[in-house]
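Let me begin by presenting the structure, written as structure tokens, before commenting on it.
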Amino acid sequence: MQLARLTFYRVRMPLQHPFETSFGRMTHRECIVVEAEDEAGHIGWGECPADRDPGYAYETTGTAWHILQEFLAPAALQTPLNDEAPAADFQRRVRAVRGHPMAKAGLEMALWDLHGRRTGRSLRALLGGVQERVPVGVSIGLQPSTDALVRRVGDFLALGYRRIKIKIKPGRDVGEVAAVRRAFPDTPLQVDANSAYTLETARALKPLDDFNLLLIEQPLAEDDLWDHHKLQAEFRTPICLDESIVAPRHARQALEMDAARVINIKQGRVGGLLNAVAIHNLAQAQGVPVWCGGMLETGIGRAANLALASLPNFTLPGDISATDRYYARDITRERFTLNADGTITVPDAPGLGITVDRSALAAYTLRSTRLTPPA
Ligand code: NPQ
Ligand code: MG
């Protein structure tokens with residue numbers, strides 16, 4: 001398959017509600033949308049989830065824009081990609097590009113979508129997914145008060161979400177969880193610190209062990225597997241790693257050293273769907289549960305997350321909420337909605353199974369650029 005052109009759109013979309021975590025408060029989502037076209041005019045879409053600010057990860061829309069154009073796009077455009085496995089061929093070509101997993105994931109996703117459309121197969125089928133609908137939860141940001149948080153949890157439970165995740169940070173942790181637990185004693189509940197603690201300050205979280213939480217997500221620094229191991233030894237509640245796992249090797253080592261007992265898989269954070277499936281497979285082989293994380297994706301990335309979460313070892317509900325939890329107007333014509341049983345249906349049309357609303361995309365685009373193969 002020879003690519004005829006690659007187009008990159010830097011987009012900025014307003015969020016329905018501000019989203020606050022230990023790393024900041026966001027009112028808009030920036031990302032890079034990737035459009036890949038082959039010589040026959042088939043089109044594939046991808047989404048690079050890097051944000052405007054380096055709060056969650058070091059990558060930003062600015063760094064990804066640079067890496068995509070200077071290094072990743074030329075590698076993909078240079079010569080025809082392997083027809084049977086274009087994503088794997090692309091990843092081989094960019095092995096020498098150190099880091100920048102989100103930039104790689106965005107282009108890789110467009111190649112999966114294109115491959116699926118060319119072969120008439122859904123991404124779910126290409127990845128080996130087994131579920132037609134997947135159970136989902138919701139991630140609730142830090143709220144102005146504990147009362148507001150409890151109200152918000154109640155609102156999402158009324159909508160049918162199966163599992164609640166609340167964001168915590170030092171000083172906004174045990175009290176919040178206690179209040180939510182008092183109001184909702186049996187709701188599947190978990191917390192996410194986004195690296196806001198140290199081994200010392202995380203000892204204040206010890207009372208969380210008595211609230212029957214599903215897991216405590218990423219309490220410590222992203223580059224600190226060892227202290228997560230020490231912390232796990234002090235807690236009955238499973239520690240789940242998010243930011244720390246950016247490649248399959250990290251997942252293997254974290255499980256070997258008991259630094260985590262659950263893994264959050266985000267295809268963007270780990271450099272694409274191929275790595276995401278590899279992490280799923282290695283956790284599955286050890287009987288370790290995984291779940292699909294989210295980064296406020298547009299309909300493009302949301303469709304990819306649904307296909308990924310349909311693999312058999314995604315046994316905990318994902319952070320894959322309905323479109324209207326984040327966006328009043330999305331850039332895909334499809335809007336994902338919650339089924340009555342707290343699931344979202346996995347698309348089954350070829351590729352990602354979505355159609356991009358080009359007028360919405362244009363309305364949100366800050367700038368775009370198009371690259372073609374060398375003459
Ligand atoms: C998490 N997601 O699990 C992340 C945090 C997060 C749904 O809680 C741009 C880039 C926006 C990365 C928003 C949820 C993001 C982002 C939230 C990561 O830690
Ligand atoms: Mg997280």
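Please note that chains go A, B, ... in the order of the structure tokens, that every chain numbers its residues from 1, and that ligands are numbered from 1 in the order shown.
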
Mind listing the residues within 6 Å of ligand 2, only C-alpha atoms and all ligand atoms counted, as a PDB file with N, CA and C atoms, in the first residue's frame?
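Ended up saving to selection_5.pdb:
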ATOM      1  N   ASP A 192      -7.844   7.876  41.156  1.00  0.00           N
ATOM      2  CA  ASP A 192      -6.688   8.131  40.288  1.00  0.00           C
ATOM      3  C   ASP A 192      -5.973   9.395  40.759  1.00  0.00           C
ATOM      4  N   ASN A 194      -2.921  10.481  39.385  1.00  0.00           N
ATOM      5  CA  ASN A 194      -2.057  11.073  38.355  1.00  0.00           C
ATOM      6  C   ASN A 194      -0.717  11.528  38.935  1.00  0.00           C
ATOM      7  N   ASP A 242      -0.769   3.610  35.261  1.00  0.00           N
ATOM      8  CA  ASP A 242      -1.191   4.284  34.034  1.00  0.00           C
ATOM      9  C   ASP A 242       0.065   4.914  33.418  1.00  0.00           C
TER      10      ASP A 242
END

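For ligand 1, the neighbouring protein, DNA and RNA residues, which are those within 7 Å when only C-alpha atoms and all ligand atoms are counted, are A:Arg29, A:Pro49, A:Ala50, A:Asp51, A:Tyr56, A:Ser139, A:Asp192, A:Asn194, A:Asp242, A:Gly293, A:Gly294, A:Met295, A:Leu296, A:Asp319.
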
If we count only C-alpha atoms and set the cut-off at 6 Å, which residues sit around region 326-341 of chain A, ignoring sequence neighbours fewer than 6 positions away in its own chain? Please answer as a short mmCIF file (atom, residue, chain, number, x, y, z; two decimals) with all heavy atoms, in the first residue's frame.
data_model
loop_
_atom_site.label_atom_id
_atom_site.label_comp_id
_atom_site.auth_asym_id
_atom_site.auth_seq_id
_atom_site.Cartn_x
_atom_site.Cartn_y
_atom_site.Cartn_z
N LEU A 15 -14.77 21.52 25.88
CA LEU A 15 -15.34 20.43 26.69
C LEU A 15 -16.70 20.87 27.24
O LEU A 15 -16.92 22.05 27.52
CB LEU A 15 -14.41 20.11 27.86
CG LEU A 15 -13.06 19.50 27.51
CD1 LEU A 15 -12.18 19.42 28.77
CD2 LEU A 15 -13.23 18.11 26.90
N GLN A 16 -17.58 19.91 27.42
CA GLN A 16 -18.90 20.18 28.02
C GLN A 16 -18.77 20.78 29.41
O GLN A 16 -19.54 21.64 29.81
CB GLN A 16 -19.69 18.88 28.16
CG GLN A 16 -20.14 18.27 26.87
CD GLN A 16 -21.55 18.70 26.54
OE1 GLN A 16 -21.85 19.89 26.59
NE2 GLN A 16 -22.39 17.75 26.21
N GLY A 299 -14.39 11.25 18.64
CA GLY A 299 -15.02 10.02 18.17
C GLY A 299 -14.04 9.08 17.49
O GLY A 299 -14.26 7.86 17.47
N THR A 355 -17.34 7.97 10.53
CA THR A 355 -17.21 8.92 9.42
C THR A 355 -16.94 10.29 10.03
O THR A 355 -17.59 10.69 10.99
CB THR A 355 -18.52 9.00 8.61
OG1 THR A 355 -19.61 8.99 9.53
CG2 THR A 355 -18.66 7.84 7.66
N VAL A 356 -15.96 10.96 9.47
CA VAL A 356 -15.61 12.27 10.01
C VAL A 356 -16.53 13.33 9.41
O VAL A 356 -16.81 13.34 8.21
CB VAL A 356 -14.12 12.57 9.73
CG1 VAL A 356 -13.80 14.03 9.98
CG2 VAL A 356 -13.26 11.68 10.63
N ASP A 357 -17.01 14.19 10.29
CA ASP A 357 -17.83 15.34 9.89
C ASP A 357 -16.86 16.45 9.51
O ASP A 357 -16.31 17.14 10.38
CB ASP A 357 -18.71 15.73 11.08
CG ASP A 357 -19.54 16.98 10.83
OD1 ASP A 357 -19.25 17.72 9.86
OD2 ASP A 357 -20.46 17.22 11.62
N ALA A 360 -17.39 19.93 10.95
CA ALA A 360 -17.01 20.06 12.37
C ALA A 360 -15.49 20.09 12.51
O ALA A 360 -14.93 20.89 13.25
CB ALA A 360 -17.60 18.90 13.17
N LEU A 361 -14.83 19.20 11.76
CA LEU A 361 -13.36 19.18 11.82
C LEU A 361 -12.80 20.54 11.42
O LEU A 361 -11.91 21.09 12.10
CB LEU A 361 -12.82 18.07 10.91
CG LEU A 361 -11.30 17.97 10.79
CD1 LEU A 361 -10.65 17.67 12.12
CD2 LEU A 361 -10.91 16.89 9.75
#

Against region 270-288 of chain A, which residues of region 76-142 of chain A fall within 12 Å? For each one I want the closest pair of atoms and the distance in Å (one decimal), counting only C-alpha atoms, rows by chain and increasing residue number, as CSV.
residue,atom,partner,partner_atom,distance
A:Ala85,CA,A:Leu274,CA,10.6
A:Pro86,CA,A:Leu274,CA,11.1
A:Ala87,CA,A:Leu274,CA,7.6
A:Ala88,CA,A:Leu274,CA,7.4
A:Asp89,CA,A:Leu274,CA,11.0
A:Phe90,CA,A:Leu274,CA,10.8
A:Gln91,CA,A:Leu274,CA,8.8
A:Arg92,CA,A:Leu274,CA,11.5
A:Val94,CA,A:Gly271,CA,11.0
A:Arg95,CA,A:Gly271,CA,10.9
A:Val97,CA,A:Gly271,CA,11.5
A:Arg98,CA,A:Gly271,CA,11.0
A:Gly99,CA,A:Gly271,CA,8.5
A:His100,CA,A:Gly271,CA,7.5
A:Pro101,CA,A:Gly271,CA,3.7
A:Met102,CA,A:Gly271,CA,5.5
A:Ala103,CA,A:Gly271,CA,7.5
A:Lys104,CA,A:Gly271,CA,5.5
A:Ala105,CA,A:Gly272,CA,3.9
A:Gly106,CA,A:Gly272,CA,7.3
A:Leu107,CA,A:Gly272,CA,8.6
A:Glu108,CA,A:Gly272,CA,6.2
A:Met109,CA,A:Gly272,CA,6.9
A:Ala110,CA,A:Gly272,CA,10.4
A:Leu111,CA,A:Leu273,CA,10.7
A:Trp112,CA,A:Leu273,CA,8.7
A:Asp113,CA,A:Leu273,CA,11.3
A:Leu123,CA,A:Leu273,CA,10.1
A:Arg124,CA,A:Leu273,CA,11.2
A:Leu126,CA,A:Leu273,CA,10.7
A:Leu127,CA,A:Val277,CA,7.5
A:Gly128,CA,A:Val277,CA,9.2
A:Gly129,CA,A:Val277,CA,10.1

Inset, instruction - Extract the full set of alpha helix (DSSP H) residues from region 92-216 of chain A according to DSSP on the backbone, and format it as a VMD selection string. - result: chain A and resid 92 to 93 101 to 119 123 to 127 146 to 159 174 to 183

Write the selection just made, keeping N, CA and C atoms, as a tab-separated table (two decimals), in the first residue's frame?
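Dumped to selection-v4.tsv:
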chain	number	residue	atom	x	y	z
A	92	ARG	N	8.13	-0.64	12.58
A	92	ARG	CA	9.53	-1.03	12.31
A	92	ARG	C	10.30	0.16	11.76
A	93	ARG	N	9.67	0.92	10.87
A	93	ARG	CA	10.36	2.06	10.25
A	93	ARG	C	10.71	3.15	11.25
A	101	PRO	N	5.52	8.36	22.06
A	101	PRO	CA	4.53	7.32	21.77
A	101	PRO	C	3.20	7.87	21.24
A	102	MET	N	2.77	9.03	21.72
A	102	MET	CA	1.45	9.52	21.26
A	102	MET	C	1.50	9.93	19.80
A	103	ALA	N	2.62	10.51	19.37
A	103	ALA	CA	2.75	10.87	17.96
A	103	ALA	C	2.69	9.61	17.09
A	104	LYS	N	3.41	8.57	17.52
A	104	LYS	CA	3.41	7.31	16.76
A	104	LYS	C	2.01	6.69	16.73
A	105	ALA	N	1.33	6.75	17.88
A	105	ALA	CA	0.00	6.13	17.97
A	105	ALA	C	-0.99	6.79	17.01
A	106	GLY	N	-0.88	8.10	16.84
A	106	GLY	CA	-1.82	8.81	15.96
A	106	GLY	C	-1.70	8.36	14.52
A	107	LEU	N	-0.47	8.23	14.05
A	107	LEU	CA	-0.29	7.80	12.65
A	107	LEU	C	-0.61	6.31	12.51
A	108	GLU	N	-0.20	5.53	13.51
A	108	GLU	CA	-0.51	4.09	13.46
A	108	GLU	C	-2.01	3.86	13.37
A	109	MET	N	-2.78	4.63	14.13
A	109	MET	CA	-4.24	4.45	14.12
A	109	MET	C	-4.82	4.70	12.73
A	110	ALA	N	-4.32	5.74	12.06
A	110	ALA	CA	-4.82	6.03	10.70
A	110	ALA	C	-4.51	4.87	9.75
A	111	LEU	N	-3.37	4.20	9.95
A	111	LEU	CA	-3.04	3.05	9.10
A	111	LEU	C	-3.95	1.86	9.39
A	112	TRP	N	-4.32	1.65	10.65
A	112	TRP	CA	-5.28	0.58	10.99
A	112	TRP	C	-6.62	0.85	10.32
A	113	ASP	N	-7.08	2.11	10.43
A	113	ASP	CA	-8.38	2.44	9.85
A	113	ASP	C	-8.34	2.24	8.33
A	114	LEU	N	-7.28	2.71	7.72
A	114	LEU	CA	-7.12	2.56	6.26
A	114	LEU	C	-7.07	1.08	5.87
A	115	HIS	N	-6.31	0.31	6.60
A	115	HIS	CA	-6.19	-1.13	6.34
A	115	HIS	C	-7.56	-1.81	6.46
A	116	GLY	N	-8.30	-1.45	7.49
A	116	GLY	CA	-9.63	-2.04	7.68
A	116	GLY	C	-10.57	-1.67	6.55
A	117	ARG	N	-10.49	-0.43	6.10
A	117	ARG	CA	-11.38	-0.01	5.01
A	117	ARG	C	-10.99	-0.69	3.70
A	118	ARG	N	-9.70	-0.86	3.48
A	118	ARG	CA	-9.25	-1.52	2.25
A	118	ARG	C	-9.64	-3.00	2.21
A	119	THR	N	-9.69	-3.63	3.39
A	119	THR	CA	-9.96	-5.07	3.44
A	119	THR	C	-11.38	-5.39	3.88
A	123	LEU	N	-11.94	-2.82	12.88
A	123	LEU	CA	-10.76	-2.83	13.75
A	123	LEU	C	-10.91	-3.90	14.82
A	124	ARG	N	-12.13	-4.06	15.32
A	124	ARG	CA	-12.35	-5.10	16.34
A	124	ARG	C	-11.92	-6.46	15.80
A	125	ALA	N	-12.32	-6.78	14.57
A	125	ALA	CA	-11.94	-8.07	13.98
A	125	ALA	C	-10.43	-8.14	13.76
A	126	LEU	N	-9.84	-7.04	13.30
A	126	LEU	CA	-8.39	-7.03	13.04
A	126	LEU	C	-7.59	-7.27	14.32
A	127	LEU	N	-8.08	-6.74	15.44
A	127	LEU	CA	-7.34	-6.86	16.71
A	127	LEU	C	-7.66	-8.15	17.46
A	146	THR	N	-16.82	18.60	48.37
A	146	THR	CA	-17.18	17.19	48.53
A	146	THR	C	-18.65	16.95	48.19
A	147	ASP	N	-19.50	17.88	48.59
A	147	ASP	CA	-20.93	17.74	48.26
A	147	ASP	C	-21.15	17.72	46.76
A	148	ALA	N	-20.46	18.61	46.07
A	148	ALA	CA	-20.60	18.66	44.61
A	148	ALA	C	-20.15	17.34	44.00
A	149	LEU	N	-19.08	16.77	44.55
A	149	LEU	CA	-18.59	15.49	44.04
A	149	LEU	C	-19.65	14.40	44.22
A	150	VAL	N	-20.21	14.32	45.40
A	150	VAL	CA	-21.22	13.28	45.67
A	150	VAL	C	-22.42	13.44	44.72
A	151	ARG	N	-22.82	14.69	44.49
A	151	ARG	CA	-23.93	14.94	43.55
A	151	ARG	C	-23.58	14.46	42.15
A	152	ARG	N	-22.36	14.78	41.75
A	152	ARG	CA	-21.92	14.43	40.41
A	152	ARG	C	-21.86	12.90	40.23
A	153	VAL	N	-21.37	12.22	41.25
A	153	VAL	CA	-21.34	10.75	41.20
A	153	VAL	C	-22.77	10.23	41.02
A	154	GLY	N	-23.69	10.77	41.78
A	154	GLY	CA	-25.10	10.35	41.67
A	154	GLY	C	-25.66	10.59	40.29
A	155	ASP	N	-25.31	11.72	39.70
A	155	ASP	CA	-25.80	12.03	38.34
A	155	ASP	C	-25.31	10.98	37.34
A	156	PHE	N	-24.03	10.62	37.42
A	156	PHE	CA	-23.50	9.65	36.45
A	156	PHE	C	-24.06	8.25	36.70
A	157	LEU	N	-24.28	7.90	37.96
A	157	LEU	CA	-24.88	6.59	38.24
A	157	LEU	C	-26.30	6.53	37.67
A	158	ALA	N	-27.01	7.66	37.77
A	158	ALA	CA	-28.38	7.71	37.23
A	158	ALA	C	-28.38	7.54	35.72
A	159	LEU	N	-27.31	7.99	35.07
A	159	LEU	CA	-27.22	7.82	33.61
A	159	LEU	C	-26.91	6.37	33.23
A	174	VAL	N	-8.90	11.05	51.17
A	174	VAL	CA	-9.66	10.15	52.04
A	174	VAL	C	-11.05	10.71	52.35
A	175	GLY	N	-11.15	12.01	52.58
A	175	GLY	CA	-12.45	12.63	52.88
A	175	GLY	C	-13.42	12.48	51.72
A	176	GLU	N	-12.92	12.68	50.51
A	176	GLU	CA	-13.75	12.56	49.31
A	176	GLU	C	-14.26	11.13	49.15
A	177	VAL	N	-13.33	10.18	49.30
A	177	VAL	CA	-13.71	8.78	49.11
A	177	VAL	C	-14.70	8.36	50.20
A	178	ALA	N	-14.46	8.79	51.41
A	178	ALA	CA	-15.37	8.43	52.51
A	178	ALA	C	-16.78	8.94	52.22
A	179	ALA	N	-16.88	10.18	51.72
A	179	ALA	CA	-18.20	10.76	51.45
A	179	ALA	C	-18.90	10.02	50.32
A	180	VAL	N	-18.16	9.69	49.27
A	180	VAL	CA	-18.76	8.97	48.14
A	180	VAL	C	-19.19	7.56	48.59
A	181	ARG	N	-18.36	6.92	49.38
A	181	ARG	CA	-18.69	5.57	49.87
A	181	ARG	C	-19.92	5.58	50.78
A	182	ARG	N	-20.03	6.62	51.62
A	182	ARG	CA	-21.18	6.71	52.51
A	182	ARG	C	-22.46	6.82	51.68
A	183	ALA	N	-22.40	7.63	50.62
A	183	ALA	CA	-23.59	7.83	49.79
A	183	ALA	C	-23.88	6.63	48.88

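Checking A:Met13, A:Ala375, A:Ala260, A:Leu225 one by one against Ser244 (chain A), counting only C-alpha atoms, you find the shortest gap at A:Leu225.
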
Could you give me, as CSV, a per-residue list for region 130-207 of chain A showing, wherever an atom lies at most 10 Å from an atom of region 342-348 of chain A, the closest pair of atoms and their distance in Å to one decimal, using only C-alpha atoms and sorting by chain then residue number from low to high?
residue,atom,partner,partner_atom,distance
A:Gln131,CA,A:Val346,CA,7.7
A:Glu132,CA,A:Val346,CA,5.5
A:Arg133,CA,A:Thr345,CA,4.1
A:Val134,CA,A:Thr343,CA,5.0
A:Pro135,CA,A:Thr343,CA,4.1
A:Val136,CA,A:Thr343,CA,5.5
A:Gly137,CA,A:Gly342,CA,8.0
A:Leu157,CA,A:Gly342,CA,9.5
A:Leu159,CA,A:Gly342,CA,8.5
A:Gly160,CA,A:Gly342,CA,5.2
A:Tyr161,CA,A:Gly342,CA,5.3
A:Arg162,CA,A:Gly342,CA,5.6
A:Arg163,CA,A:Gly342,CA,9.0

Go ahead and write the residues just picked, C-alpha atoms, as a short mmCIF file (atom, residue, chain, number, x, y, z; two decimals), in the first residue's frame.
data_model
loop_
_atom_site.label_atom_id
_atom_site.label_comp_id
_atom_site.auth_asym_id
_atom_site.auth_seq_id
_atom_site.Cartn_x
_atom_site.Cartn_y
_atom_site.Cartn_z
CA GLN A 131 -17.19 -8.47 22.73
CA GLU A 132 -19.89 -6.65 20.76
CA ARG A 133 -20.43 -4.16 23.59
CA VAL A 134 -18.14 -3.24 26.43
CA PRO A 135 -18.90 -2.17 30.02
CA VAL A 136 -17.87 1.40 30.70
CA GLY A 137 -17.27 3.70 33.63
CA LEU A 157 -24.88 6.59 38.24
CA LEU A 159 -27.22 7.82 33.61
CA GLY A 160 -26.21 4.15 33.90
CA TYR A 161 -22.41 4.20 34.29
CA ARG A 162 -21.23 0.98 35.86
CA ARG A 163 -18.18 2.16 37.68
#
